[in-house]
$ cat model-v4.txt   # compact mmCIF, N, CA and C atoms
# COMPACT_ATOMS: atom_id res chain seq x y z
N MET Q 4 -93.41 -77.60 247.80
CA MET Q 4 -94.15 -76.54 247.18
C MET Q 4 -94.80 -77.02 245.89
N ALA Q 5 -94.02 -77.76 245.11
CA ALA Q 5 -94.57 -78.26 243.85
C ALA Q 5 -95.75 -79.19 244.10
N SER Q 6 -95.72 -79.93 245.21
CA SER Q 6 -96.84 -80.83 245.50
C SER Q 6 -98.12 -80.03 245.78
N HIS Q 7 -98.00 -78.88 246.46
CA HIS Q 7 -99.18 -78.03 246.70
C HIS Q 7 -99.75 -77.54 245.36
N ILE Q 8 -98.88 -77.04 244.52
CA ILE Q 8 -99.32 -76.51 243.22
C ILE Q 8 -99.90 -77.63 242.37
N ARG Q 9 -99.24 -78.77 242.37
CA ARG Q 9 -99.70 -79.92 241.58
C ARG Q 9 -101.11 -80.33 242.01
N GLN Q 10 -101.33 -80.41 243.34
CA GLN Q 10 -102.64 -80.81 243.84
C GLN Q 10 -103.71 -79.79 243.45
N HIS Q 11 -103.41 -78.52 243.61
CA HIS Q 11 -104.39 -77.48 243.24
C HIS Q 11 -104.64 -77.45 241.74
N HIS Q 12 -103.61 -77.75 240.96
CA HIS Q 12 -103.78 -77.81 239.51
C HIS Q 12 -104.72 -78.97 239.15
N ARG Q 13 -104.50 -80.11 239.79
CA ARG Q 13 -105.37 -81.27 239.54
C ARG Q 13 -106.82 -80.95 239.92
N GLU Q 14 -107.00 -80.19 240.99
CA GLU Q 14 -108.34 -79.83 241.45
C GLU Q 14 -108.90 -78.62 240.72
N LYS Q 15 -108.16 -78.12 239.73
CA LYS Q 15 -108.58 -76.97 238.91
C LYS Q 15 -108.69 -75.69 239.73
N ARG Q 16 -107.97 -75.60 240.87
CA ARG Q 16 -107.98 -74.37 241.66
C ARG Q 16 -106.94 -73.38 241.16
N VAL Q 17 -106.03 -73.84 240.31
CA VAL Q 17 -105.00 -72.97 239.75
C VAL Q 17 -104.70 -73.47 238.35
N ASP Q 18 -104.42 -72.55 237.44
CA ASP Q 18 -104.08 -72.97 236.09
C ASP Q 18 -102.61 -72.67 235.83
N GLY Q 19 -102.19 -72.77 234.61
CA GLY Q 19 -100.79 -72.56 234.27
C GLY Q 19 -100.30 -71.15 234.49
N ASP Q 20 -101.21 -70.18 234.61
CA ASP Q 20 -100.83 -68.78 234.81
C ASP Q 20 -100.78 -68.51 236.31
N LEU Q 21 -99.63 -68.79 236.93
CA LEU Q 21 -99.49 -68.63 238.37
C LEU Q 21 -99.11 -67.19 238.71
N HIS Q 22 -99.99 -66.50 239.37
CA HIS Q 22 -99.75 -65.12 239.76
C HIS Q 22 -98.77 -65.07 240.93
N PRO Q 23 -98.00 -63.99 241.07
CA PRO Q 23 -97.05 -63.88 242.19
C PRO Q 23 -97.68 -64.12 243.56
N GLU Q 24 -98.92 -63.68 243.73
CA GLU Q 24 -99.61 -63.89 245.02
C GLU Q 24 -99.75 -65.38 245.31
N PHE Q 25 -100.14 -66.17 244.29
CA PHE Q 25 -100.25 -67.62 244.47
C PHE Q 25 -98.90 -68.22 244.81
N LEU Q 26 -97.87 -67.83 244.05
CA LEU Q 26 -96.54 -68.37 244.30
C LEU Q 26 -96.06 -68.04 245.70
N ASN Q 27 -96.33 -66.84 246.18
CA ASN Q 27 -95.91 -66.47 247.53
C ASN Q 27 -96.65 -67.31 248.57
N ASN Q 28 -97.93 -67.56 248.37
CA ASN Q 28 -98.68 -68.41 249.29
C ASN Q 28 -98.10 -69.82 249.33
N TYR Q 29 -97.79 -70.37 248.16
CA TYR Q 29 -97.20 -71.70 248.11
C TYR Q 29 -95.82 -71.69 248.77
N PHE Q 30 -95.06 -70.64 248.53
CA PHE Q 30 -93.73 -70.51 249.13
C PHE Q 30 -93.84 -70.52 250.65
N GLN Q 31 -94.74 -69.71 251.20
CA GLN Q 31 -94.91 -69.65 252.65
C GLN Q 31 -95.31 -71.00 253.23
N ALA Q 32 -96.16 -71.74 252.52
CA ALA Q 32 -96.58 -73.06 252.99
C ALA Q 32 -95.45 -74.08 252.91
N SER Q 33 -94.41 -73.79 252.17
CA SER Q 33 -93.30 -74.71 251.98
C SER Q 33 -92.10 -74.44 252.87
N LEU Q 34 -92.25 -73.53 253.80
CA LEU Q 34 -91.15 -73.22 254.71
C LEU Q 34 -91.11 -74.24 255.85
N TYR Q 35 -90.73 -75.45 255.51
CA TYR Q 35 -90.75 -76.56 256.47
C TYR Q 35 -89.77 -76.34 257.62
N GLY Q 36 -88.62 -75.74 257.36
CA GLY Q 36 -87.66 -75.46 258.42
C GLY Q 36 -88.23 -74.51 259.45
N TYR Q 37 -88.83 -73.44 258.97
CA TYR Q 37 -89.46 -72.48 259.88
C TYR Q 37 -90.58 -73.15 260.67
N GLN Q 38 -91.44 -73.90 259.98
CA GLN Q 38 -92.55 -74.56 260.65
C GLN Q 38 -92.04 -75.53 261.72
N MET Q 39 -90.97 -76.27 261.40
CA MET Q 39 -90.42 -77.23 262.34
C MET Q 39 -89.80 -76.51 263.54
N SER Q 40 -89.15 -75.37 263.31
CA SER Q 40 -88.54 -74.64 264.42
C SER Q 40 -89.61 -74.16 265.41
N VAL Q 41 -90.75 -73.73 264.90
CA VAL Q 41 -91.86 -73.32 265.77
C VAL Q 41 -92.37 -74.52 266.55
N TYR Q 42 -92.57 -75.61 265.87
CA TYR Q 42 -93.06 -76.84 266.49
C TYR Q 42 -92.12 -77.28 267.61
N LEU Q 43 -90.83 -77.27 267.36
CA LEU Q 43 -89.86 -77.72 268.36
C LEU Q 43 -89.79 -76.78 269.56
N ARG Q 44 -90.01 -75.49 269.33
CA ARG Q 44 -90.03 -74.53 270.45
C ARG Q 44 -91.26 -74.72 271.33
N LEU Q 45 -92.37 -75.11 270.74
CA LEU Q 45 -93.63 -75.22 271.49
C LEU Q 45 -93.74 -76.51 272.30
N LEU Q 46 -93.09 -77.56 271.86
CA LEU Q 46 -93.22 -78.85 272.52
C LEU Q 46 -91.95 -79.20 273.28
N GLU Q 47 -92.12 -79.71 274.49
CA GLU Q 47 -90.95 -80.02 275.32
C GLU Q 47 -90.15 -81.19 274.78
N GLU Q 48 -90.79 -82.29 274.49
CA GLU Q 48 -90.11 -83.48 274.00
C GLU Q 48 -90.86 -84.04 272.79
N PRO Q 49 -90.71 -83.39 271.66
CA PRO Q 49 -91.47 -83.84 270.50
C PRO Q 49 -90.97 -85.18 269.96
N ARG Q 50 -91.90 -85.98 269.56
CA ARG Q 50 -91.60 -87.22 268.84
C ARG Q 50 -91.97 -86.95 267.39
N LEU Q 51 -91.04 -87.18 266.50
CA LEU Q 51 -91.26 -86.86 265.10
C LEU Q 51 -91.13 -88.09 264.22
N HIS Q 52 -92.00 -88.16 263.26
CA HIS Q 52 -91.85 -89.12 262.18
C HIS Q 52 -92.25 -88.37 260.91
N ILE Q 53 -91.30 -88.11 260.07
CA ILE Q 53 -91.55 -87.34 258.86
C ILE Q 53 -91.78 -88.31 257.71
N VAL Q 54 -92.86 -88.09 256.99
CA VAL Q 54 -93.21 -88.93 255.84
C VAL Q 54 -92.99 -88.12 254.57
N ASP Q 55 -92.12 -88.61 253.73
CA ASP Q 55 -91.86 -88.00 252.43
C ASP Q 55 -92.92 -88.53 251.47
N PHE Q 56 -93.80 -87.65 251.01
CA PHE Q 56 -94.91 -88.09 250.17
C PHE Q 56 -94.43 -88.79 248.89
N ASP Q 57 -93.37 -88.28 248.27
CA ASP Q 57 -92.86 -88.93 247.05
C ASP Q 57 -92.42 -90.36 247.34
N MET Q 58 -91.72 -90.56 248.45
CA MET Q 58 -91.29 -91.91 248.83
C MET Q 58 -92.50 -92.77 249.18
N PHE Q 59 -93.47 -92.18 249.85
CA PHE Q 59 -94.67 -92.91 250.22
C PHE Q 59 -95.42 -93.41 248.98
N THR Q 60 -95.51 -92.56 247.94
CA THR Q 60 -96.24 -92.99 246.74
C THR Q 60 -95.48 -94.07 245.99
N ARG Q 61 -94.16 -94.06 246.08
CA ARG Q 61 -93.36 -95.08 245.40
C ARG Q 61 -93.39 -96.41 246.13
N ALA Q 62 -93.40 -96.37 247.45
CA ALA Q 62 -93.35 -97.60 248.26
C ALA Q 62 -94.25 -97.44 249.47
N PRO Q 63 -95.57 -97.51 249.28
CA PRO Q 63 -96.49 -97.25 250.38
C PRO Q 63 -96.43 -98.28 251.51
N ASP Q 64 -96.19 -99.54 251.20
CA ASP Q 64 -96.20 -100.56 252.26
C ASP Q 64 -95.08 -100.36 253.28
N PRO Q 65 -93.81 -100.21 252.86
CA PRO Q 65 -92.77 -99.98 253.86
C PRO Q 65 -92.99 -98.67 254.64
N ALA Q 66 -93.46 -97.64 253.95
CA ALA Q 66 -93.72 -96.37 254.63
C ALA Q 66 -94.82 -96.53 255.66
N THR Q 67 -95.87 -97.26 255.32
CA THR Q 67 -96.98 -97.49 256.25
C THR Q 67 -96.51 -98.31 257.44
N ARG Q 68 -95.66 -99.31 257.21
CA ARG Q 68 -95.12 -100.10 258.33
C ARG Q 68 -94.29 -99.22 259.28
N ARG Q 69 -93.50 -98.28 258.72
CA ARG Q 69 -92.72 -97.37 259.57
C ARG Q 69 -93.63 -96.46 260.40
N ILE Q 70 -94.73 -96.01 259.80
CA ILE Q 70 -95.70 -95.18 260.53
C ILE Q 70 -96.32 -96.00 261.66
N GLU Q 71 -96.71 -97.23 261.37
CA GLU Q 71 -97.29 -98.09 262.41
C GLU Q 71 -96.31 -98.31 263.55
N THR Q 72 -95.05 -98.55 263.23
CA THR Q 72 -94.03 -98.75 264.26
C THR Q 72 -93.89 -97.49 265.10
N PHE Q 73 -93.81 -96.34 264.45
CA PHE Q 73 -93.68 -95.07 265.16
C PHE Q 73 -94.86 -94.85 266.11
N LEU Q 74 -96.06 -95.14 265.65
CA LEU Q 74 -97.26 -94.93 266.45
C LEU Q 74 -97.53 -96.08 267.42
N GLU Q 75 -96.64 -97.09 267.40
CA GLU Q 75 -96.76 -98.26 268.26
C GLU Q 75 -98.08 -98.99 268.01
N LEU Q 76 -98.41 -99.13 266.75
CA LEU Q 76 -99.61 -99.87 266.33
C LEU Q 76 -99.22 -101.27 265.90
N GLU Q 77 -100.18 -102.15 265.96
CA GLU Q 77 -99.96 -103.51 265.46
C GLU Q 77 -99.74 -103.44 263.95
N PRO Q 78 -98.85 -104.27 263.42
CA PRO Q 78 -98.66 -104.31 261.96
C PRO Q 78 -100.00 -104.60 261.26
N GLY Q 79 -100.26 -103.86 260.21
CA GLY Q 79 -101.50 -104.03 259.45
C GLY Q 79 -102.66 -103.22 260.01
N SER Q 80 -102.41 -102.41 261.03
CA SER Q 80 -103.49 -101.61 261.64
C SER Q 80 -104.00 -100.52 260.71
N LEU Q 81 -103.10 -99.93 259.95
CA LEU Q 81 -103.49 -98.84 259.05
C LEU Q 81 -103.94 -99.42 257.72
N PRO Q 82 -104.96 -98.82 257.11
CA PRO Q 82 -105.44 -99.33 255.82
C PRO Q 82 -104.38 -99.14 254.74
N ARG Q 83 -104.35 -100.08 253.83
CA ARG Q 83 -103.45 -99.99 252.67
C ARG Q 83 -104.29 -99.60 251.48
N ARG Q 84 -103.89 -98.52 250.81
CA ARG Q 84 -104.60 -98.06 249.62
C ARG Q 84 -103.61 -97.97 248.47
N PRO Q 85 -104.03 -98.37 247.31
CA PRO Q 85 -103.11 -98.25 246.16
C PRO Q 85 -102.88 -96.79 245.78
N VAL Q 86 -101.70 -96.52 245.31
CA VAL Q 86 -101.36 -95.18 244.82
C VAL Q 86 -101.48 -95.23 243.31
N HIS Q 87 -102.22 -94.27 242.73
CA HIS Q 87 -102.56 -94.36 241.32
C HIS Q 87 -101.73 -93.50 240.38
N TRP Q 88 -100.90 -92.62 240.88
CA TRP Q 88 -100.11 -91.80 239.97
C TRP Q 88 -98.66 -91.85 240.40
N GLY Q 89 -97.79 -91.84 239.42
CA GLY Q 89 -96.38 -92.05 239.70
C GLY Q 89 -95.51 -90.84 239.44
N ARG Q 90 -94.24 -91.03 239.62
CA ARG Q 90 -93.26 -89.95 239.55
C ARG Q 90 -93.18 -89.30 238.18
N SER Q 91 -93.28 -90.08 237.11
CA SER Q 91 -93.08 -89.49 235.79
C SER Q 91 -94.16 -88.45 235.46
N SER Q 92 -95.42 -88.77 235.73
CA SER Q 92 -96.47 -87.80 235.45
C SER Q 92 -96.37 -86.62 236.41
N GLU Q 93 -95.98 -86.88 237.65
CA GLU Q 93 -95.81 -85.81 238.63
C GLU Q 93 -94.71 -84.85 238.19
N GLU Q 94 -93.60 -85.38 237.77
CA GLU Q 94 -92.48 -84.53 237.34
C GLU Q 94 -92.88 -83.72 236.11
N GLN Q 95 -93.60 -84.33 235.18
CA GLN Q 95 -94.02 -83.61 233.98
C GLN Q 95 -94.98 -82.48 234.34
N LEU Q 96 -95.93 -82.74 235.22
CA LEU Q 96 -96.88 -81.70 235.62
C LEU Q 96 -96.15 -80.57 236.33
N ARG Q 97 -95.18 -80.91 237.19
CA ARG Q 97 -94.42 -79.88 237.88
C ARG Q 97 -93.74 -78.98 236.87
N MET Q 98 -93.13 -79.55 235.85
CA MET Q 98 -92.44 -78.75 234.85
C MET Q 98 -93.43 -77.93 234.03
N ASP Q 99 -94.55 -78.53 233.65
CA ASP Q 99 -95.53 -77.81 232.84
C ASP Q 99 -96.13 -76.62 233.59
N VAL Q 100 -96.46 -76.80 234.86
CA VAL Q 100 -97.13 -75.76 235.61
C VAL Q 100 -96.16 -74.68 236.05
N LEU Q 101 -95.01 -75.07 236.56
CA LEU Q 101 -94.07 -74.09 237.09
C LEU Q 101 -93.08 -73.57 236.06
N GLY Q 102 -92.57 -74.44 235.23
CA GLY Q 102 -91.53 -74.05 234.30
C GLY Q 102 -90.16 -74.11 234.97
N GLU Q 103 -89.15 -74.41 234.20
CA GLU Q 103 -87.80 -74.60 234.74
C GLU Q 103 -87.27 -73.35 235.44
N ARG Q 104 -87.51 -72.18 234.87
CA ARG Q 104 -87.00 -70.95 235.47
C ARG Q 104 -87.59 -70.70 236.85
N ARG Q 105 -88.91 -70.85 236.97
CA ARG Q 105 -89.56 -70.67 238.27
C ARG Q 105 -89.06 -71.69 239.29
N ILE Q 106 -88.89 -72.92 238.85
CA ILE Q 106 -88.40 -73.95 239.76
C ILE Q 106 -87.03 -73.56 240.29
N ALA Q 107 -86.15 -73.09 239.43
CA ALA Q 107 -84.80 -72.69 239.85
C ALA Q 107 -84.86 -71.53 240.85
N VAL Q 108 -85.68 -70.53 240.57
CA VAL Q 108 -85.80 -69.38 241.47
C VAL Q 108 -86.35 -69.82 242.82
N LEU Q 109 -87.40 -70.62 242.81
CA LEU Q 109 -88.01 -71.08 244.06
C LEU Q 109 -87.07 -71.97 244.84
N ARG Q 110 -86.34 -72.82 244.16
CA ARG Q 110 -85.37 -73.68 244.84
C ARG Q 110 -84.31 -72.83 245.53
N ASP Q 111 -83.84 -71.77 244.87
CA ASP Q 111 -82.86 -70.88 245.49
C ASP Q 111 -83.44 -70.18 246.72
N ARG Q 112 -84.70 -69.74 246.62
CA ARG Q 112 -85.34 -69.06 247.75
C ARG Q 112 -85.58 -70.00 248.92
N LEU Q 113 -85.88 -71.27 248.62
CA LEU Q 113 -86.18 -72.23 249.68
C LEU Q 113 -84.94 -72.88 250.28
N ALA Q 114 -83.80 -72.77 249.62
CA ALA Q 114 -82.59 -73.48 250.06
C ALA Q 114 -82.22 -73.20 251.52
N PRO Q 115 -82.19 -71.95 252.00
CA PRO Q 115 -81.84 -71.74 253.41
C PRO Q 115 -82.82 -72.42 254.38
N ASP Q 116 -84.10 -72.38 254.05
CA ASP Q 116 -85.10 -73.00 254.91
C ASP Q 116 -84.96 -74.53 254.87
N MET Q 117 -84.68 -75.09 253.72
CA MET Q 117 -84.49 -76.54 253.62
C MET Q 117 -83.26 -76.98 254.40
N SER Q 118 -82.22 -76.14 254.40
CA SER Q 118 -81.03 -76.42 255.20
C SER Q 118 -81.38 -76.44 256.69
N LEU Q 119 -82.20 -75.50 257.12
CA LEU Q 119 -82.66 -75.46 258.51
C LEU Q 119 -83.47 -76.72 258.82
N PHE Q 120 -84.37 -77.09 257.95
CA PHE Q 120 -85.19 -78.29 258.14
C PHE Q 120 -84.30 -79.52 258.31
N HIS Q 121 -83.28 -79.63 257.48
CA HIS Q 121 -82.34 -80.75 257.57
C HIS Q 121 -81.61 -80.74 258.92
N ARG Q 122 -81.13 -79.57 259.33
CA ARG Q 122 -80.41 -79.47 260.61
C ARG Q 122 -81.31 -79.85 261.79
N LEU Q 123 -82.56 -79.45 261.75
CA LEU Q 123 -83.48 -79.71 262.85
C LEU Q 123 -83.94 -81.16 262.92
N THR Q 124 -84.06 -81.81 261.77
CA THR Q 124 -84.68 -83.14 261.73
C THR Q 124 -83.75 -84.25 261.29
N GLY Q 125 -82.67 -83.89 260.60
CA GLY Q 125 -81.81 -84.93 260.03
C GLY Q 125 -82.39 -85.52 258.75
N PHE Q 126 -83.52 -85.01 258.31
CA PHE Q 126 -84.20 -85.52 257.11
C PHE Q 126 -83.39 -85.15 255.87
N ASP Q 127 -83.20 -86.11 254.99
CA ASP Q 127 -82.41 -85.91 253.77
C ASP Q 127 -83.25 -85.17 252.73
N VAL Q 128 -83.00 -83.87 252.59
CA VAL Q 128 -83.75 -83.06 251.62
C VAL Q 128 -83.07 -83.06 250.25
N SER Q 129 -81.96 -83.75 250.10
CA SER Q 129 -81.25 -83.73 248.82
C SER Q 129 -82.09 -84.34 247.70
N ARG Q 130 -82.94 -85.30 248.02
CA ARG Q 130 -83.78 -85.90 246.97
C ARG Q 130 -84.85 -84.92 246.48
N TRP Q 131 -85.05 -83.82 247.22
CA TRP Q 131 -85.95 -82.76 246.78
C TRP Q 131 -85.23 -81.72 245.96
N GLY Q 132 -83.94 -81.92 245.73
CA GLY Q 132 -83.17 -80.99 244.92
C GLY Q 132 -82.42 -79.95 245.74
N PHE Q 133 -82.27 -80.19 247.05
CA PHE Q 133 -81.55 -79.25 247.92
C PHE Q 133 -80.29 -79.87 248.44
$ encode --input "model-v4.txt" --output "structure tokens"
Amino acid sequence: MASHIRQHHREKRVDGDLHPEFLNNYFQASLYGYQMSVYLRLLEEPRLHIVDFDMFTRAPDPATRRIETFLELEPGSLPRRPVHWGRSSEEQLRMDVLGERRIAVLRDRLAPDMSLFHRLTGFDVSRWGF
């Protein structure tokens, strides 16, 4: 959710005054467990490869190699692009835009869905604060 807000903030589509309507839209877009449950119901034998954007920005080469392996591509098939912004500025922007109180409330609201996402995928959501 914070990544959606962060991106829109960077693009000047949202400012520091986040209205409840905006927060609800971001919340709905962040229901990964719900989204995954729908996806799994619709597809008979889904093949999944989940990419954690934070991990990807920290270590793009290993993440890209895992994507290539999953897609059965030759190593080096996907373009390599440098990542220009890091965790410290991202974390600061998240705190500035959302504020600690909002983050705590949203984390509590998203916790059941994140638990579902973990159960469905085995993906470790603890690094996201869940």
$ atom_distance --input "model-v4.txt" --atom1 "atom CA of Tyr29 of chain Q" --atom2 "atom CA of Phe133 of chain Q"
17.4 Å
$ residues_around --input "model-v4.txt" --residues "Asp127 of chain Q" --least-positions-apart "2" --cutoff "12 Å" --atoms "only C-alpha atoms" --output "JSON, numbers by chain"
{"Q": [53, 54, 55, 58, 117, 118, 119, 120, 121, 122, 123, 124, 125, 129, 130, 131, 132, 133]}
$ atom_distance --input "model-v4.txt" --atom1 "atom CA of Tyr42 of chain Q" --atom2 "atom C of Val108 of chain Q"
25.6 Å
$ atom_distance --input "model-v4.txt" --atom1 "atom CA of Glu103 of chain Q" --atom2 "atom CA of Gln38 of chain Q"
26.3 Å
$ closest_residue --input "model-v4.txt" --among "Q:His52, Q:Arg83, Q:Ala107, Q:Arg112" --to "Arg69 of chain Q" --atoms "only C-alpha atoms"
Q:His52
$ build_atoms --input "model-v4.txt" --residues "segment 26-36 of chain Q" --atoms "all heavy atoms" --output "PDB file, in the frame of the given file"
ATOM      1  N   LEU Q  26     -97.870 -67.830 244.050  1.00  0.00           N
ATOM      2  CA  LEU Q  26     -96.540 -68.370 244.300  1.00  0.00           C
ATOM      3  C   LEU Q  26     -96.060 -68.040 245.700  1.00  0.00           C
ATOM      4  O   LEU Q  26     -95.453 -68.877 246.372  1.00  0.00           O
ATOM      5  CB  LEU Q  26     -95.541 -67.863 243.253  1.00  0.00           C
ATOM      6  CG  LEU Q  26     -95.686 -68.463 241.865  1.00  0.00           C
ATOM      7  CD1 LEU Q  26     -94.718 -67.809 240.903  1.00  0.00           C
ATOM      8  CD2 LEU Q  26     -95.485 -69.962 241.900  1.00  0.00           C
ATOM      9  N   ASN Q  27     -96.330 -66.840 246.180  1.00  0.00           N
ATOM     10  CA  ASN Q  27     -95.910 -66.470 247.530  1.00  0.00           C
ATOM     11  C   ASN Q  27     -96.650 -67.310 248.570  1.00  0.00           C
ATOM     12  O   ASN Q  27     -96.054 -67.739 249.558  1.00  0.00           O
ATOM     13  CB  ASN Q  27     -96.126 -64.988 247.789  1.00  0.00           C
ATOM     14  CG  ASN Q  27     -95.520 -64.572 249.103  1.00  0.00           C
ATOM     15  OD1 ASN Q  27     -94.329 -64.772 249.333  1.00  0.00           O
ATOM     16  ND2 ASN Q  27     -96.335 -64.025 249.977  1.00  0.00           N
ATOM     17  N   ASN Q  28     -97.930 -67.560 248.370  1.00  0.00           N
ATOM     18  CA  ASN Q  28     -98.680 -68.410 249.290  1.00  0.00           C
ATOM     19  C   ASN Q  28     -98.100 -69.820 249.330  1.00  0.00           C
ATOM     20  O   ASN Q  28     -97.937 -70.406 250.397  1.00  0.00           O
ATOM     21  CB  ASN Q  28    -100.159 -68.463 248.912  1.00  0.00           C
ATOM     22  CG  ASN Q  28    -100.859 -67.150 249.163  1.00  0.00           C
ATOM     23  OD1 ASN Q  28    -100.383 -66.299 249.910  1.00  0.00           O
ATOM     24  ND2 ASN Q  28    -101.989 -66.968 248.518  1.00  0.00           N
ATOM     25  N   TYR Q  29     -97.790 -70.370 248.160  1.00  0.00           N
ATOM     26  CA  TYR Q  29     -97.200 -71.700 248.110  1.00  0.00           C
ATOM     27  C   TYR Q  29     -95.820 -71.690 248.770  1.00  0.00           C
ATOM     28  O   TYR Q  29     -95.443 -72.623 249.474  1.00  0.00           O
ATOM     29  CB  TYR Q  29     -97.070 -72.197 246.668  1.00  0.00           C
ATOM     30  CG  TYR Q  29     -98.397 -72.494 246.024  1.00  0.00           C
ATOM     31  CD1 TYR Q  29     -98.787 -71.856 244.846  1.00  0.00           C
ATOM     32  CD2 TYR Q  29     -99.281 -73.411 246.578  1.00  0.00           C
ATOM     33  CE1 TYR Q  29    -100.000 -72.123 244.254  1.00  0.00           C
ATOM     34  CE2 TYR Q  29    -100.499 -73.685 245.988  1.00  0.00           C
ATOM     35  CZ  TYR Q  29    -100.851 -73.037 244.824  1.00  0.00           C
ATOM     36  OH  TYR Q  29    -102.056 -73.312 244.237  1.00  0.00           O
ATOM     37  N   PHE Q  30     -95.060 -70.640 248.530  1.00  0.00           N
ATOM     38  CA  PHE Q  30     -93.730 -70.510 249.130  1.00  0.00           C
ATOM     39  C   PHE Q  30     -93.840 -70.520 250.650  1.00  0.00           C
ATOM     40  O   PHE Q  30     -93.121 -71.252 251.335  1.00  0.00           O
ATOM     41  CB  PHE Q  30     -93.051 -69.229 248.632  1.00  0.00           C
ATOM     42  CG  PHE Q  30     -91.725 -68.970 249.270  1.00  0.00           C
ATOM     43  CD1 PHE Q  30     -90.594 -69.632 248.822  1.00  0.00           C
ATOM     44  CD2 PHE Q  30     -91.606 -68.079 250.322  1.00  0.00           C
ATOM     45  CE1 PHE Q  30     -89.367 -69.411 249.419  1.00  0.00           C
ATOM     46  CE2 PHE Q  30     -90.380 -67.852 250.914  1.00  0.00           C
ATOM     47  CZ  PHE Q  30     -89.262 -68.524 250.466  1.00  0.00           C
ATOM     48  N   GLN Q  31     -94.740 -69.710 251.200  1.00  0.00           N
ATOM     49  CA  GLN Q  31     -94.910 -69.650 252.650  1.00  0.00           C
ATOM     50  C   GLN Q  31     -95.310 -71.000 253.230  1.00  0.00           C
ATOM     51  O   GLN Q  31     -94.843 -71.391 254.297  1.00  0.00           O
ATOM     52  CB  GLN Q  31     -95.968 -68.591 253.024  1.00  0.00           C
ATOM     53  CG  GLN Q  31     -95.586 -67.170 252.678  1.00  0.00           C
ATOM     54  CD  GLN Q  31     -94.339 -66.708 253.403  1.00  0.00           C
ATOM     55  OE1 GLN Q  31     -94.125 -67.007 254.566  1.00  0.00           O
ATOM     56  NE2 GLN Q  31     -93.494 -65.981 252.692  1.00  0.00           N
ATOM     57  N   ALA Q  32     -96.160 -71.740 252.520  1.00  0.00           N
ATOM     58  CA  ALA Q  32     -96.580 -73.060 252.990  1.00  0.00           C
ATOM     59  C   ALA Q  32     -95.450 -74.080 252.910  1.00  0.00           C
ATOM     60  O   ALA Q  32     -95.523 -75.133 253.555  1.00  0.00           O
ATOM     61  CB  ALA Q  32     -97.768 -73.550 252.156  1.00  0.00           C
ATOM     62  N   SER Q  33     -94.410 -73.790 252.170  1.00  0.00           N
ATOM     63  CA  SER Q  33     -93.300 -74.710 251.980  1.00  0.00           C
ATOM     64  C   SER Q  33     -92.100 -74.440 252.870  1.00  0.00           C
ATOM     65  O   SER Q  33     -91.057 -75.052 252.710  1.00  0.00           O
ATOM     66  CB  SER Q  33     -92.855 -74.682 250.507  1.00  0.00           C
ATOM     67  OG  SER Q  33     -93.920 -75.076 249.681  1.00  0.00           O
ATOM     68  N   LEU Q  34     -92.250 -73.530 253.800  1.00  0.00           N
ATOM     69  CA  LEU Q  34     -91.150 -73.220 254.710  1.00  0.00           C
ATOM     70  C   LEU Q  34     -91.110 -74.240 255.850  1.00  0.00           C
ATOM     71  O   LEU Q  34     -91.406 -73.939 257.005  1.00  0.00           O
ATOM     72  CB  LEU Q  34     -91.279 -71.788 255.238  1.00  0.00           C
ATOM     73  CG  LEU Q  34     -91.134 -70.695 254.185  1.00  0.00           C
ATOM     74  CD1 LEU Q  34     -91.440 -69.325 254.780  1.00  0.00           C
ATOM     75  CD2 LEU Q  34     -89.741 -70.720 253.577  1.00  0.00           C
ATOM     76  N   TYR Q  35     -90.730 -75.450 255.510  1.00  0.00           N
ATOM     77  CA  TYR Q  35     -90.750 -76.560 256.470  1.00  0.00           C
ATOM     78  C   TYR Q  35     -89.770 -76.340 257.620  1.00  0.00           C
ATOM     79  O   TYR Q  35     -90.049 -76.721 258.755  1.00  0.00           O
ATOM     80  CB  TYR Q  35     -90.454 -77.882 255.785  1.00  0.00           C
ATOM     81  CG  TYR Q  35     -91.434 -78.237 254.693  1.00  0.00           C
ATOM     82  CD1 TYR Q  35     -91.003 -78.808 253.512  1.00  0.00           C
ATOM     83  CD2 TYR Q  35     -92.792 -77.995 254.851  1.00  0.00           C
ATOM     84  CE1 TYR Q  35     -91.895 -79.133 252.508  1.00  0.00           C
ATOM     85  CE2 TYR Q  35     -93.692 -78.317 253.839  1.00  0.00           C
ATOM     86  CZ  TYR Q  35     -93.235 -78.896 252.684  1.00  0.00           C
ATOM     87  OH  TYR Q  35     -94.114 -79.221 251.687  1.00  0.00           O
ATOM     88  N   GLY Q  36     -88.620 -75.740 257.360  1.00  0.00           N
ATOM     89  CA  GLY Q  36     -87.660 -75.460 258.420  1.00  0.00           C
ATOM     90  C   GLY Q  36     -88.230 -74.510 259.450  1.00  0.00           C
ATOM     91  O   GLY Q  36     -88.131 -74.743 260.660  1.00  0.00           O
TER      92      GLY Q  36
END
